[in-house]
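Next comes target.csv, a file with CSV, C-alpha atoms.
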chain,number,residue,atom,x,y,z
A,16,MET,CA,0.0,0.0,0.0
A,17,ASN,CA,1.1,3.6,-0.4
A,18,LEU,CA,1.0,6.3,2.3
A,19,LYS,CA,-2.4,7.5,1.3
A,20,GLU,CA,-3.8,4.0,1.7
A,21,ALA,CA,-1.9,3.6,4.9
A,22,PHE,CA,-3.4,6.7,6.5
A,23,ARG,CA,-6.8,5.6,5.4
A,24,TYR,CA,-6.2,2.2,7.0
A,25,GLN,CA,-4.9,3.9,10.1
A,26,ASN,CA,-8.2,5.7,10.4
A,27,LYS,CA,-10.1,2.4,10.0
A,28,LEU,CA,-8.1,0.9,12.8
A,29,ASN,CA,-9.0,3.9,15.0
A,30,ASP,CA,-12.7,3.5,14.2
A,31,VAL,CA,-12.7,-0.3,14.9
A,32,LEU,CA,-10.8,0.2,18.1
A,33,GLY,CA,-13.0,3.1,19.2
A,34,LYS,CA,-16.1,0.9,18.7
A,35,THR,CA,-14.6,-1.9,20.7
A,36,GLN,CA,-13.7,0.4,23.5
A,37,MET,CA,-17.2,1.8,23.5
A,38,PHE,CA,-18.6,-1.7,24.1
A,39,LEU,CA,-16.1,-2.4,26.9
A,40,ASN,CA,-16.8,1.0,28.5
A,41,ASP,CA,-20.5,0.3,28.8
A,42,SER,CA,-21.4,-1.5,32.0
A,43,SER,CA,-24.7,-2.8,30.5
A,44,TYR,CA,-22.6,-4.7,27.9
A,45,ILE,CA,-20.0,-6.2,30.3
A,46,THR,CA,-22.2,-7.3,33.2
A,47,THR,CA,-25.1,-9.8,33.7
A,48,THR,CA,-27.9,-8.8,36.1
A,49,LYS,CA,-30.3,-11.1,37.9
A,50,LYS,CA,-33.0,-10.3,40.3
A,51,THR,CA,-34.3,-12.7,43.0
A,52,TYR,CA,-37.8,-12.0,44.3
A,53,LEU,CA,-37.7,-13.2,48.0
A,54,TYR,CA,-41.4,-14.2,48.1
A,55,LYS,CA,-40.7,-17.0,50.7
A,56,LYS,CA,-39.4,-14.4,53.2
A,57,ALA,CA,-42.7,-12.6,53.2
A,58,ASN,CA,-44.8,-15.6,52.5
A,59,PRO,CA,-43.6,-19.1,53.8
A,60,GLU,CA,-45.9,-20.8,51.4
A,61,ALA,CA,-44.4,-19.1,48.3
A,62,GLU,CA,-41.2,-20.0,46.4
A,63,ASN,CA,-38.5,-17.4,45.5
A,64,GLU,CA,-38.2,-16.5,41.8
A,65,THR,CA,-35.0,-15.5,40.0
A,66,VAL,CA,-35.2,-13.4,36.8
A,67,LEU,CA,-32.2,-12.9,34.5
A,68,ILE,CA,-32.1,-9.4,32.9
A,69,GLU,CA,-31.2,-10.0,29.3
A,70,ASN,CA,-29.4,-7.3,27.2
A,71,ASP,CA,-29.5,-6.8,23.5
A,72,PHE,CA,-25.8,-6.8,23.0
A,73,ASP,CA,-24.7,-9.1,20.1
A,74,TYR,CA,-21.4,-9.9,21.8
A,75,SER,CA,-22.5,-10.6,25.4
A,76,ASP,CA,-20.7,-13.9,25.4
A,77,ASN,CA,-17.6,-12.5,23.8
A,78,ILE,CA,-16.4,-9.9,26.3
A,79,ASN,CA,-13.1,-11.6,26.9
A,80,ASP,CA,-12.7,-11.9,23.1
A,81,LEU,CA,-13.3,-8.2,22.7
A,82,ILE,CA,-10.6,-7.5,25.2
A,83,GLU,CA,-8.2,-9.6,23.3
A,84,PHE,CA,-9.4,-8.0,20.1
A,85,SER,CA,-8.6,-4.6,21.5
A,86,MET,CA,-5.0,-5.7,22.2
A,87,TYR,CA,-4.8,-7.1,18.7
A,88,LEU,CA,-5.9,-3.8,17.2
A,89,ILE,CA,-3.3,-1.9,19.3
A,90,GLU,CA,-0.6,-4.2,18.0
A,91,GLN,CA,-1.8,-3.6,14.4
A,92,LYS,CA,-1.7,0.1,15.0
A,93,LYS,CA,1.9,-0.2,16.3
A,94,LYS,CA,3.0,-2.2,13.3
A,95,LEU,CA,1.4,0.2,10.8
A,96,LEU,CA,2.8,3.2,12.6
A,97,LEU,CA,6.3,1.8,12.5
A,98,LYS,CA,6.0,1.0,8.7
A,99,ILE,CA,4.7,4.5,8.1
A,100,CYS,CA,7.6,6.0,9.9
A,101,GLU,CA,10.0,3.9,7.9
A,102,CYS,CA,8.4,5.1,4.7
A,103,LYS,CA,8.5,8.7,5.7
A,104,LYS,CA,12.3,8.6,6.3
A,105,ASN,CA,12.8,7.8,2.6
A,106,LEU,CA,10.7,10.7,1.3
A,107,PRO,CA,12.2,13.7,-0.5
A,108,ILE,CA,10.4,16.1,1.9
A,109,ASP,CA,9.5,16.2,5.6
A,110,LEU,CA,5.9,15.2,5.1
A,111,ASP,CA,4.5,16.0,8.5
A,112,GLY,CA,6.4,19.3,8.7
A,113,GLU,CA,5.4,20.5,5.3
A,114,VAL,CA,1.8,19.5,5.8
A,115,SER,CA,1.7,21.4,9.0
A,116,LEU,CA,3.5,24.4,7.6
A,117,ASN,CA,1.2,24.4,4.6
A,118,ARG,CA,-1.8,24.9,6.8
A,119,TYR,CA,-0.1,28.1,8.2
A,120,ARG,CA,0.7,29.2,4.7
A,121,GLN,CA,-2.9,28.8,3.5
A,122,ASN,CA,-4.3,30.4,6.7
A,123,LEU,CA,-2.0,33.4,6.4
A,124,SER,CA,-2.7,33.8,2.7
A,125,ARG,CA,-6.5,33.9,3.5
A,126,VAL,CA,-5.8,36.5,6.2
A,127,LEU,CA,-3.8,38.7,3.8
A,128,ARG,CA,-6.5,38.4,1.1
A,129,GLY,CA,-9.0,39.5,3.6
A,130,MET,CA,-6.8,42.5,4.5
A,131,ASN,CA,-6.7,43.4,0.8
A,132,GLU,CA,-10.5,43.7,0.7
A,133,THR,CA,-10.4,46.2,3.6
A,134,LYS,CA,-10.9,49.7,2.2
A,135,SER,CA,-10.5,53.2,3.5
A,136,SER,CA,-13.7,55.0,3.9
A,137,GLU,CA,-15.4,58.3,5.0
A,138,LYS,CA,-18.9,58.9,6.1
A,139,VAL,CA,-21.0,61.5,7.9
A,140,ASP,CA,-23.7,60.4,10.3
A,141,THR,CA,-26.3,63.2,10.7
A,142,ASN,CA,-27.1,64.2,14.3
A,143,ALA,CA,-25.2,61.1,15.6
A,144,GLY,CA,-23.2,63.1,18.2
A,145,VAL,CA,-24.3,64.8,21.4
A,146,GLY,CA,-22.6,67.9,22.8
A,147,TYR,CA,-23.3,70.1,25.8
A,148,ARG,CA,-23.3,73.9,26.4
A,149,PHE,CA,-24.6,76.5,28.8
A,150,ASN,CA,-27.6,78.6,27.7
A,151,ASN,CA,-28.3,82.2,28.5
A,152,GLU,CA,-29.7,81.2,31.9
A,153,GLY,CA,-26.5,79.3,32.8
A,154,ASN,CA,-28.1,75.9,32.5
A,155,GLN,CA,-26.3,73.1,30.8
A,156,VAL,CA,-28.2,71.8,27.7
A,157,SER,CA,-27.5,69.2,25.1
A,158,TYR,CA,-27.4,69.6,21.4
A,159,ARG,CA,-26.9,67.3,18.4
A,160,CYS,CA,-24.1,67.4,15.9
A,161,ASP,CA,-23.0,65.4,12.8
A,162,VAL,CA,-20.2,62.8,13.2
A,163,GLU,CA,-17.7,62.4,10.5
A,164,THR,CA,-16.0,59.0,10.5
A,165,VAL,CA,-12.8,58.4,8.5
A,166,THR,CA,-11.3,54.9,8.4
A,167,THR,CA,-7.9,54.5,6.9
A,168,ILE,CA,-5.9,51.3,6.3
A,169,ASN,CA,-2.6,51.4,8.0
A,170,PHE,CA,-0.8,48.8,6.0
A,171,ASP,CA,0.8,48.4,2.5
A,172,ARG,CA,-1.8,46.9,0.2
A,173,LYS,CA,1.0,46.0,-2.3
A,174,LEU,CA,2.7,44.0,0.5
A,175,THR,CA,-0.3,42.0,1.5
A,176,ARG,CA,-1.1,41.3,-2.1
A,177,LYS,CA,2.5,40.2,-2.9
A,178,TYR,CA,2.7,37.9,0.1
A,179,SER,CA,-0.8,36.5,-0.3
A,180,MET,CA,0.1,35.4,-3.8
A,181,GLN,CA,3.5,34.1,-2.8
A,182,LEU,CA,2.1,32.0,0.0
A,183,SER,CA,-0.7,30.6,-2.2
A,184,GLU,CA,1.8,29.6,-4.9
A,185,GLN,CA,4.1,27.9,-2.3
A,186,ALA,CA,1.1,26.1,-0.7
A,187,ASP,CA,0.0,24.8,-4.1
A,188,LYS,CA,3.5,23.5,-4.9
A,189,ILE,CA,3.9,21.8,-1.6
A,190,SER,CA,0.4,20.2,-2.0
A,191,VAL,CA,1.5,18.7,-5.3
A,192,ASP,CA,4.7,17.4,-3.7
A,193,VAL,CA,2.7,15.9,-0.8
A,194,ASP,CA,0.2,14.2,-3.1
A,195,LYS,CA,3.0,12.7,-5.1
A,196,CYS,CA,4.7,11.4,-1.9
A,197,LEU,CA,1.4,9.9,-0.7
A,198,ILE,CA,0.8,8.1,-4.0
A,199,ASP,CA,4.3,7.1,-5.0
A,200,SER,CA,5.4,5.8,-1.6
A,201,VAL,CA,5.4,2.2,-0.5
A,202,VAL,CA,4.4,1.2,3.1
A,203,ASP,CA,5.5,-2.4,3.8
A,204,TYR,CA,2.4,-3.4,5.7
A,205,THR,CA,-0.1,-6.2,5.0
A,206,PRO,CA,-3.6,-5.3,6.3
A,207,PRO,CA,-5.2,-8.0,8.3
A,208,PHE,CA,-8.7,-7.1,6.9
A,209,ASP,CA,-10.2,-5.0,4.1
A,210,VAL,CA,-10.6,-1.4,4.9
A,211,ASN,CA,-14.2,-1.6,3.7
A,212,CYS,CA,-15.3,-4.4,6.0
A,213,THR,CA,-17.8,-3.7,8.8
A,214,PHE,CA,-17.0,-4.1,12.5
A,215,GLU,CA,-19.1,-7.2,12.6
A,216,GLU,CA,-17.2,-8.8,9.6
A,217,ILE,CA,-13.8,-7.9,11.1
A,218,PHE,CA,-14.6,-9.2,14.6
A,219,GLU,CA,-16.2,-12.4,13.2
A,220,ASP,CA,-13.1,-13.1,11.1
A,221,TYR,CA,-10.9,-12.4,14.1
A,222,LEU,CA,-12.8,-15.0,16.2
A,223,GLN,CA,-12.5,-17.6,13.4
A,224,ASN,CA,-8.7,-17.1,13.0
A,225,LYS,CA,-7.5,-16.4,16.5

How does this structure look as structure tokens?
Amino acid sequence: MNLKEAFRYQNKLNDVLGKTQMFLNDSSYITTTKKTYLYKKANPEAENETVLIENDFDYSDNINDLIEFSMYLIEQKKKLLLKICECKKNLPIDLDGEVSLNRYRQNLSRVLRGMNETKSSEKVDTNAGVGYRFNNEGNQVSYRCDVETVTTINFDRKLTRKYSMQLSEQADKISVDVDKCLIDSVVDYTPPFDVNCTFEEIFEDYLQNK
């Protein structure tokens, strides 16, 4: 498989392991409950009755198998991770570093493009302001006035445009390089089950081959 397939399979292992742990983390799945009605204690002529509370869990009889299955999945994750690491060492670029850096390039490019769309402006709001003065009687009274608002950008639009384009071009180039690495690489790992199998199919196959 190539790196792209390996990452997809890694996600599949995470999903299957997550579902297994969800089962094991639910007390209603991993316990059996029975209730005994102590009729005889209240009525010597009656007999006690025990009722088993059934659950609808498909794997009620396989809890220990699910525990073992979890350990098996962890080992598969470890094997795949080691093979992915080996593969990455032979790549022409630092894949993780460039992917991470590319996110920052793309984010900054978007920020700079947004700055480019910011414009200087002027406007006058009629009677939007309030002032105070003393009238002829010496009393303080309010009066209305217009408010002029001037907004001016305080950055070099040529600079933001230049770096926005530069970052975008760099990000596109790195994206192409990353895609090439993902497809052309070889990860020496044999998947134990098909990535499209359901949890039920994977677990049943595990039980048959353990």

> Using only C-alpha atoms, which residue out of A:Leu222, A:Val139, A:Leu67, A:Ile82 lies closest to Thr166 of chain A?
Replying inline: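 Using only C-alpha atoms, Thr166 of chain A sits closest to A:Val139.
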
> Around (-17.5, -3.4, 19.5) in the file's own coordinates, what residues are found within 12 Å if you use only C-alpha atoms, given back as a ChimeraX atom specification?
Replying inline: /A:30-41,44-45,72-75,77-85,88,213-219

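Distance-wise, atom CA of Glu163 of chain A and atom CA of Met130 of chain A end up 23.5 Å apart.
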
> Of the candidates A:Thr164, A:Thr48, A:Asn63, A:Asn26, which shows the shortest atom-to-atom distance to Glu137 of chain A, using only C-alpha atoms?
Replying inline: A:Thr164

>> Between atom CA of Asp199 of chain A and atom CA of Ser183 of chain A, what is the distance in Å, rounded to a tenth?
In response: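 Interatomic distance here is 24.2 Å.
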
Excluding same-chain residues fewer than 2 positions from segment 154-161 of chain A, what lies within 6 Å of it counting all atoms listed in the file, as a compact mmCIF listing (two decimals) with C-alpha atoms, keeping the file's coordinate frame?
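Final output, saved to around.txt:
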# COMPACT_ATOMS: atom_id res chain seq x y z
CA ASP A 140 -23.70 60.40 10.30
CA THR A 141 -26.30 63.20 10.70
CA ASN A 142 -27.10 64.20 14.30
CA ALA A 143 -25.20 61.10 15.60
CA GLY A 144 -23.20 63.10 18.20
CA VAL A 145 -24.30 64.80 21.40
CA GLY A 146 -22.60 67.90 22.80
CA TYR A 147 -23.30 70.10 25.80
CA ARG A 148 -23.30 73.90 26.40
CA PHE A 149 -24.60 76.50 28.80
CA ASN A 150 -27.60 78.60 27.70
CA GLU A 152 -29.70 81.20 31.90
